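What follows is a single structure, written as structure tokens, with notes after it.
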Amino acid sequence: MGGASGVCMLDNSSVIVARGNGKDAVMAPEMAAFGARFGFEFRAHKLGDANRSAHVERRFSYIENNFYAGRDFSDVEDLNRQLDAWCDKVNGTLRKDLGAKPIELFAAEQVALRRLPLHVPEVYLPHRRTVDTEGYINLHHNRYSAPTALIDHEVEVHETKDRVRILNGQRLVCEHIRDEDGAAKRRTLPEHARDATWKAKKRAPSPEETRLSASSTALAEMVTALKKRHGGRAVRPLQRLHRMWMEYPPEPLNSALRVALDHGLLDLERVETLVLRHVAGDFFRIPRDPDDDEES
């Protein structure tokens, strides 16, 4: 809008109001500071003020019933482009109740808005991530490439509404277009895809993984399944599987692993329970319950 009004009226939103309501509402310190930066104050209307509450709700209803209906969107960016064009069209239409076009009224009122500060810092969320063995960081079920020199290094990630920036200390090393949360996409910058050391930088199999894979077909299949599920974070599950291989006899271990693999069971705690059931009858004298014999 190119400026800010002196007062931002709220519907007692718990995101902004720390406690109280109406004239007694106390804003969260962060939101009060945000308003002060742009020269306005948050104010909550009294509870039950239907006129003010409905004024906001009618805007949502108008968009939901007039813009969304019958439209298709390829992604969120496409939705926003179409919505922007639709708003220009709607606001450029003569309103009988106003006796003018909303866009013309806004142009006349815009001069009364409070001017924005010269510098408006970009809003971002900071994260700490470790670059995995394939040269990617994971953020909201999406993967973004990083220089292979940073594999196994912790980096800082700044997430804005449309960009993902990867920093090594204070130095910006690369920047990606941000994908929607949960999209399960992978973004690879051209300079990272061309890196000749890409595959050479992949971590070699650990001694534990090598021993397990060579021990039996069932263990080798379980190693592959765990690496597929956990990716670069399979170290601990493989270590636990290696401990089981060291502690339990091969026959009951392989039998239990075969059952687990056939049923897609990769929870090693439950797999170990299966192993113990197979081991119990062969290595421990467990007194039978007479009732069990009767039932059988």
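In the structure tokens, chains take letters A, B, ... by order of appearance, with residues numbered from 1 within each chain and ligands from 1 in the order shown.
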Per-residue DSSP, range 9-117 of chain A, filtered to alpha helix (DSSP H), as a VMD selection string: chain A and resid 29 to 38 50 to 66 76 to 91 102 to 109
All residues 8 Å or closer to Tyr144 in chain A, only C-alpha atoms, same chain fewer than 4 positions away omitted, as a list of chain:residue names: A:Tyr136, A:Ile137, A:Asn138, A:Leu139, A:His176, A:Arg186, A:Arg187, A:Thr188
Include C-alpha atoms and write out the residues we just selected as a PDB file, in the first residue's frame.
```pdb
ATOM      1  CA  TYR A 136      21.818 -30.948   0.059  1.00  0.00           C
ATOM      2  CA  ILE A 137      20.148 -29.359   3.062  1.00  0.00           C
ATOM      3  CA  ASN A 138      16.627 -30.433   4.011  1.00  0.00           C
ATOM      4  CA  LEU A 139      13.959 -27.846   4.799  1.00  0.00           C
ATOM      5  CA  HIS A 176      17.378 -20.904  -4.115  1.00  0.00           C
ATOM      6  CA  ARG A 186      14.861 -31.087  -4.971  1.00  0.00           C
ATOM      7  CA  ARG A 187      16.540 -27.944  -6.292  1.00  0.00           C
ATOM      8  CA  THR A 188      20.065 -28.171  -7.677  1.00  0.00           C
TER       9      THR A 188
END
```
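The shell of residues at most 12 Å from Gln82 in chain A, with only C-alpha atoms counted and near chain neighbours (fewer than 6 positions) removed, consists of Phe67, Tyr68, Arg71, Asp72, Phe73, Ser74, Asp75, Val76, Asp88 and Lys89 of chain A.
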Pairwise distance for CA of Arg270 in chain A and CA of Ser213 in chain A, rounded to one decimal in Å: 20.8 Å
All residues 6 Å or closer to range 215-229 of chain A, only C-alpha atoms, same chain fewer than 2 positions away omitted, as a ChimeraX atom specification: /A:212-213,231,234,254,258
Keeping C-alpha atoms for every residue in the selection just given, could you write it to a file as an mmCIF file, in the first residue's frame?
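See part_29.cif below for the written result:
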```cif
data_model
loop_
_atom_site.group_PDB
_atom_site.id
_atom_site.type_symbol
_atom_site.label_atom_id
_atom_site.label_comp_id
_atom_site.auth_asym_id
_atom_site.auth_seq_id
_atom_site.Cartn_x
_atom_site.Cartn_y
_atom_site.Cartn_z
ATOM 1 C CA LEU A 212 26.372 -56.422 7.849
ATOM 2 C CA SER A 213 25.990 -56.461 4.063
ATOM 3 C CA GLY A 231 19.155 -41.322 3.888
ATOM 4 C CA ALA A 234 21.024 -43.936 8.729
ATOM 5 C CA ASN A 254 17.940 -63.653 10.121
ATOM 6 C CA ARG A 258 13.026 -61.871 7.054
#
```
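CA of Gly39 in chain A to CA of Arg114 in chain A spans 6.8 Å [interatomic distance, one decimal].
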DSSP strand (DSSP E) selection over range 74-293 of chain A, as number ranges by chain: A: 125-130, 136-139, 142-145, 154-159, 163-168, 171-177, 186-187
Output for the residues just chosen: C-alpha atoms as a tab-separated table (two decimals), in the first residue's frame:
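Listed below is the output, out16.tsv:
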```
chain	number	residue	atom	x	y	z
A	125	LEU	CA	13.21	-17.50	9.59
A	126	PRO	CA	16.68	-18.74	10.62
A	127	HIS	CA	17.48	-22.47	10.68
A	128	ARG	CA	20.56	-24.58	11.35
A	129	ARG	CA	21.11	-27.48	8.96
A	130	THR	CA	23.86	-29.98	8.13
A	136	TYR	CA	21.82	-30.95	0.06
A	137	ILE	CA	20.15	-29.36	3.06
A	138	ASN	CA	16.63	-30.43	4.01
A	139	LEU	CA	13.96	-27.85	4.80
A	142	ASN	CA	12.33	-30.11	0.32
A	143	ARG	CA	16.04	-30.39	-0.59
A	144	TYR	CA	18.31	-27.53	-1.69
A	145	SER	CA	21.83	-28.01	-3.05
A	154	GLU	CA	26.57	-27.18	9.66
A	155	VAL	CA	25.30	-24.10	7.85
A	156	GLU	CA	22.79	-21.35	8.57
A	157	VAL	CA	19.68	-21.18	6.41
A	158	HIS	CA	17.57	-18.03	6.02
A	159	GLU	CA	14.04	-18.78	4.81
A	163	ARG	CA	13.79	-17.55	-1.17
A	164	VAL	CA	16.09	-19.96	0.69
A	165	ARG	CA	19.60	-18.65	1.38
A	166	ILE	CA	22.45	-20.82	2.65
A	167	LEU	CA	25.22	-19.12	4.63
A	168	ASN	CA	28.55	-20.41	5.87
A	171	ARG	CA	29.09	-15.50	4.03
A	172	LEU	CA	26.23	-16.14	1.59
A	173	VAL	CA	27.19	-19.23	-0.42
A	174	CYS	CA	24.06	-19.79	-2.52
A	175	GLU	CA	20.40	-18.90	-2.92
A	176	HIS	CA	17.38	-20.90	-4.12
A	177	ILE	CA	13.77	-20.23	-5.03
A	186	ARG	CA	14.86	-31.09	-4.97
A	187	ARG	CA	16.54	-27.94	-6.29
```
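Between Glu57 in chain A and the candidates A:Asp11, A:Ile16, A:Glu134, A:Leu265, the tightest atom-to-atom separation, counting only C-alpha atoms, involves A:Asp11.
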For CA of Asp162 in chain A and CA of Met1 in chain A, the interatomic separation in Å (one decimal): 19.7 Å
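Comparing A:Asp262, A:Glu269, A:Glu77, A:Ala214 by their smallest distance to Leu241 in chain A, the closest is A:Glu269 (using only C-alpha atoms).
Counting only C-alpha atoms and comparing A:Phe40, A:Trp86, A:Trp245, A:Tyr62, the residue that lies closest to Gly6 in chain A is A:Phe40.
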